[in-house]
file structure_5.txt (compact mmCIF, C-alpha atoms)
# COMPACT_ATOMS: atom_id res chain seq x y z
CA THR A 329 -11.38 41.25 69.17
CA SER A 330 -10.01 42.74 65.99
CA ALA A 331 -7.59 45.50 66.93
CA VAL A 332 -6.34 48.54 65.06
CA VAL A 333 -3.26 50.34 66.37
CA VAL A 334 -3.37 54.11 65.80
CA LEU A 335 0.18 55.44 65.99
CA ASP A 336 0.99 59.14 66.42
CA LEU A 337 4.05 60.22 64.43
CA SER A 338 3.54 63.97 64.61
CA SER A 339 6.41 66.36 65.26
CA SER A 340 5.54 66.47 68.97
CA ILE A 341 6.68 62.84 69.21
CA SER A 342 10.27 63.22 70.31
CA SER A 343 13.20 60.86 70.33
CA ASP A 344 12.54 60.48 74.07
CA THR A 345 9.32 58.64 73.26
CA TYR A 346 10.72 56.54 70.42
CA ASN A 347 11.78 53.83 72.87
CA ARG A 348 8.17 53.57 74.11
CA ILE A 349 6.93 53.20 70.52
CA GLN A 350 9.65 50.64 69.83
CA SER A 351 8.72 48.70 72.97
CA THR A 352 4.98 48.80 72.22
CA LEU A 353 5.42 47.60 68.62
CA ASN A 354 7.88 44.90 69.76
CA ASP A 355 5.48 43.66 72.43
CA LEU A 356 2.53 43.58 70.03
CA SER A 357 4.57 41.89 67.28
CA ARG A 358 5.37 38.98 69.62
CA THR A 359 1.72 38.13 70.26
CA LYS A 360 -0.44 35.76 68.30
CA GLY A 361 -2.85 38.62 67.64
CA ARG A 362 -3.88 40.26 64.42
CA PHE A 363 -3.80 43.99 63.95
CA GLY A 364 -4.39 46.83 61.58
CA LEU A 365 -2.08 49.84 61.73
CA VAL A 366 -3.04 53.47 61.14
CA ILE A 367 -0.29 56.08 61.23
CA PHE A 368 -1.14 59.74 61.64
CA SER A 369 0.11 63.25 62.12
CA ASP A 370 -2.22 65.91 60.71
CA VAL A 371 -3.46 63.30 58.21
CA ALA A 372 -3.82 59.55 58.60
CA TYR A 373 -3.26 56.53 56.45
CA GLU A 374 -3.70 52.80 56.75
CA ALA A 375 -0.27 51.17 56.91
CA LEU A 376 -1.53 47.63 57.56
CA PRO A 377 -5.07 46.31 57.05
CA PRO A 378 -6.97 44.77 59.96
CA GLY A 379 -6.30 41.09 60.43
CA THR A 380 -2.59 41.37 59.61
CA PRO A 381 -0.53 38.92 61.69
CA ALA A 382 1.16 40.66 64.63
CA ALA A 383 4.61 39.75 63.32
CA GLU A 384 4.06 42.23 60.46
CA LEU A 385 4.42 45.08 62.97
CA LYS A 386 8.06 44.10 63.53
CA PRO A 387 9.47 45.84 60.39
CA PHE A 388 8.13 49.17 61.71
CA VAL A 389 10.26 48.86 64.87
CA ARG A 390 13.47 49.71 63.01
CA TYR A 391 12.37 53.31 62.50
CA PHE A 392 12.41 53.83 66.26
CA VAL A 393 15.82 52.31 67.02
CA PRO A 394 18.58 54.92 67.42
CA ILE A 395 21.63 54.74 65.18
CA PRO A 396 24.90 55.86 66.78
CA ALA A 397 26.31 58.95 65.09
CA PRO A 398 29.82 58.80 63.62
CA ALA A 399 32.56 59.55 66.11
CA GLY A 400 33.43 63.22 66.24
CA SER A 401 30.16 64.36 64.64
CA GLY A 402 28.93 66.00 67.83
CA GLN A 403 25.65 64.11 67.67
CA GLY A 404 24.80 61.22 69.97
CA PHE A 405 22.44 59.36 67.67
CA SER A 406 19.87 59.68 64.91
CA PHE A 407 16.98 57.61 63.61
CA PRO A 408 16.54 55.99 60.21
CA GLU A 409 14.56 58.00 57.69
CA SER A 410 11.04 56.64 57.59
CA PRO A 411 8.56 56.41 54.72
CA TRP A 412 6.37 59.02 56.41
CA SER A 413 9.14 61.55 57.21
CA HIS A 414 8.33 63.70 54.18
CA SER A 415 4.59 63.05 53.90
CA PHE A 416 3.47 64.47 57.25
CA SER A 417 3.40 68.20 57.95
CA GLY A 418 4.16 67.68 61.60
CA GLY A 419 0.86 68.92 63.00
CA THR A 420 -1.29 66.73 65.19
CA LYS A 421 -4.90 65.77 64.58
CA ILE A 422 -5.70 62.80 66.75
CA SER A 423 -9.20 62.87 65.30
CA ALA A 424 -7.75 62.02 61.87
CA GLY A 425 -6.16 58.84 63.24
CA LEU A 426 -9.30 57.85 65.14
CA ALA A 427 -11.53 58.58 62.13
CA MET A 428 -9.32 56.51 59.82
CA ALA A 429 -9.37 53.59 62.27
CA ARG A 430 -13.17 53.77 62.52
CA GLN A 431 -13.44 53.89 58.71
CA VAL A 432 -11.13 50.86 58.35
CA ILE A 433 -13.18 48.97 60.94
CA ALA A 434 -16.44 49.79 59.15
CA GLU A 435 -15.11 48.90 55.69
CA SER A 436 -13.70 45.62 56.98
CA LYS A 437 -16.98 44.85 58.78
CA LEU A 438 -15.06 43.95 61.92
CA LYS A 439 -17.01 42.60 64.86
CA GLN A 440 -15.88 43.33 68.42
CA ALA A 441 -13.34 45.84 67.16
CA SER A 442 -10.94 47.72 69.40
CA VAL A 443 -8.53 50.57 68.84
CA LEU A 444 -5.24 51.16 70.63
CA LEU A 445 -4.18 54.82 70.40
CA VAL A 446 -0.42 55.25 70.89
CA SER A 447 0.22 58.97 71.28
CA ASP A 448 1.75 61.70 73.41
CA LEU A 449 -1.82 63.12 73.46
CA SER A 450 -0.52 66.57 72.47
CA ASP A 451 -3.30 67.50 70.08
CA ASP A 452 -4.02 70.68 68.18
CA THR A 453 -6.50 72.58 70.38
CA GLY A 454 -8.67 73.14 67.31
CA ASP A 455 -9.00 69.35 67.00
CA LEU A 456 -10.31 68.59 70.50
CA ALA A 457 -13.99 68.94 69.54
CA ARG A 458 -13.45 66.47 66.65
CA VAL A 459 -11.68 64.05 69.02
CA THR A 460 -14.71 64.24 71.31
CA GLU A 461 -17.00 63.53 68.33
CA GLN A 462 -14.87 60.52 67.37
CA VAL A 463 -14.97 59.13 70.91
CA ILE A 464 -18.76 59.53 70.98
CA SER A 465 -18.98 57.63 67.67
CA TYR A 466 -16.75 54.89 69.10
CA VAL A 467 -19.14 54.47 72.03
CA ARG A 468 -22.13 54.49 69.67
CA ASP A 469 -20.50 51.90 67.38
CA ASP A 470 -19.33 49.77 70.35
CA ILE A 471 -15.64 50.11 69.48
CA ALA A 472 -13.36 49.75 72.50
CA LEU A 473 -10.72 52.48 72.73
CA ARG A 474 -7.56 52.14 74.80
CA VAL A 475 -4.66 54.58 75.05
CA ILE A 476 -0.93 54.19 75.57
CA GLY A 477 0.32 57.64 76.53
CA LEU A 478 3.82 58.47 75.31
CA ASN A 479 5.01 60.71 78.14
CA PRO A 480 1.96 62.99 77.87
CA SER A 481 1.86 66.33 79.65
CA LEU A 482 -0.24 66.35 82.81
CA GLU A 483 -2.72 68.71 81.12
CA ASP A 484 -3.16 66.44 78.07
CA GLN A 485 -3.42 63.35 80.26
CA LYS A 486 -6.13 64.99 82.41
CA TRP A 487 -8.10 66.02 79.32
CA PHE A 488 -8.06 62.50 77.88
CA ASN A 489 -8.80 60.94 81.29
CA GLY A 490 -11.84 63.21 81.53
CA LEU A 491 -12.96 62.16 78.07
CA LEU A 492 -12.22 58.44 78.31
CA GLY A 493 -12.47 57.71 82.02
CA SER A 494 -10.41 54.68 83.01
CA ASN A 495 -9.35 53.82 79.44
call {"tool": "encode", "arguments": {"input": "structure_5.txt", "output": "structure tokens"}}
result
Amino acid sequence: TSAVVVLDLSSSISSDTYNRIQSTLNDLSRTKGRFGLVIFSDVAYEALPPGTPAAELKPFVRYFVPIPAPAGSGQGFSFPESPWSHSFSGGTKISAGLAMARQVIAESKLKQASVLLVSDLSDDTGDLARVTEQVISYVRDDIALRVIGLNPSLEDQKWFNGLLGSN
């Protein structure tokens, strides 16, 4: 299959979940697969086009590796400033990430496409109907959707389980 990773970088993604993002990107980058990468918060953009060798995910890992704070600063660690730090408002619209991935798949004319959503699943409640619409369109367009939950709340996990079933 041709896979597109949809990565949630909204403000609800905390430093606690950065290690899970780091681990996921590291694991994917070591495969022989090919991926596209969509990054989203309240808006989404294509960071890597579909078909990009998995190793190209590796440079993104550095943004999720903690940097020790200087001694005496009172802080334990920080993270490198990322290219998207100033471009996202911090809100969450999972539908934006899913829509961008579906658009990228359609424009690239990918066959047997799949999407891997990496998110804490903490979505804006006003976005849930649009997420449902996107999932319906994924089923209609025969796009497989899988989810890696980044420490989701039980409520968010139950909502997505109800929507996606065993995915």
call {"tool": "atom_distance", "arguments": {"input": "structure_5.txt", "atom1": "atom CA of Ser343 of chain A", "atom2": "atom CA of Pro377 of chain A"}}
result
26.9 Å
call {"tool": "residues_around", "arguments": {"input": "structure_5.txt", "residues": "Ser369 of chain A", "least_positions_apart": "3", "cutoff": "10 Å", "atoms": "all atoms listed in the file", "output": "number ranges by chain"}}
result
A: 335-341, 372-373, 412, 415-425, 451
call {"tool": "atom_distance", "arguments": {"input": "structure_5.txt", "atom1": "atom CA of Val459 of chain A", "atom2": "atom CA of Trp487 of chain A"}}
result
11.1 Å
call {"tool": "closest_residue", "arguments": {"input": "structure_5.txt", "among": "A:Ser450, A:Asn489, A:Ser410, A:Ser330", "to": "Ile471 of chain A", "atoms": "all atoms listed in the file"}}
result
A:Ser330
call {"tool": "closest_residue", "arguments": {"input": "structure_5.txt", "among": "A:Ala382, A:Leu492, A:Leu426, A:Ala472", "to": "Ala441 of chain A", "atoms": "only C-alpha atoms"}}
result
A:Ala472
call {"tool": "atom_distance", "arguments": {"input": "structure_5.txt", "atom1": "atom CA of Ser357 of chain A", "atom2": "atom CA of Thr345 of chain A"}}
result
18.4 Å
call {"tool": "closest_residue", "arguments": {"input": "structure_5.txt", "among": "A:Arg358, A:Pro411, A:Phe392, A:Asp470", "to": "Val443 of chain A", "atoms": "only C-alpha atoms"}}
result
A:Asp470
call {"tool": "closest_residue", "arguments": {"input": "structure_5.txt", "among": "A:Ser447, A:Asn479, A:Gln462, A:Gln485", "to": "Phe368 of chain A", "atoms": "only C-alpha atoms"}}
result
A:Ser447
call {"tool": "closest_residue", "arguments": {"input": "structure_5.txt", "among": "A:Leu491, A:Ala375, A:Ala427, A:Val334", "to": "Thr352 of chain A", "atoms": "only C-alpha atoms"}}
result
A:Val334
call {"tool": "closest_residue", "arguments": {"input": "structure_5.txt", "among": "A:Ala429, A:Phe488, A:Val371, A:Leu456", "to": "Val475 of chain A", "atoms": "all atoms listed in the file"}}
result
A:Phe488
call {"tool": "residues_around", "arguments": {"input": "structure_5.txt", "residues": "Thr380 of chain A", "least_positions_apart": "5", "cutoff": "8 Å", "atoms": "all atoms listed in the file", "output": "PyMOL selection string"}}
result
chain A and resi 362-364
call {"tool": "axis_aligned_box", "arguments": {"input": "structure_5.txt", "around": "segment 421-438 of chain A", "padding_each_side": "6 Å", "output": "JSON"}}
result
{"center_x": -10.9, "center_y": 54.9, "center_z": 61.2, "size_x": 24.1, "size_y": 33.8, "size_z": 23.1}
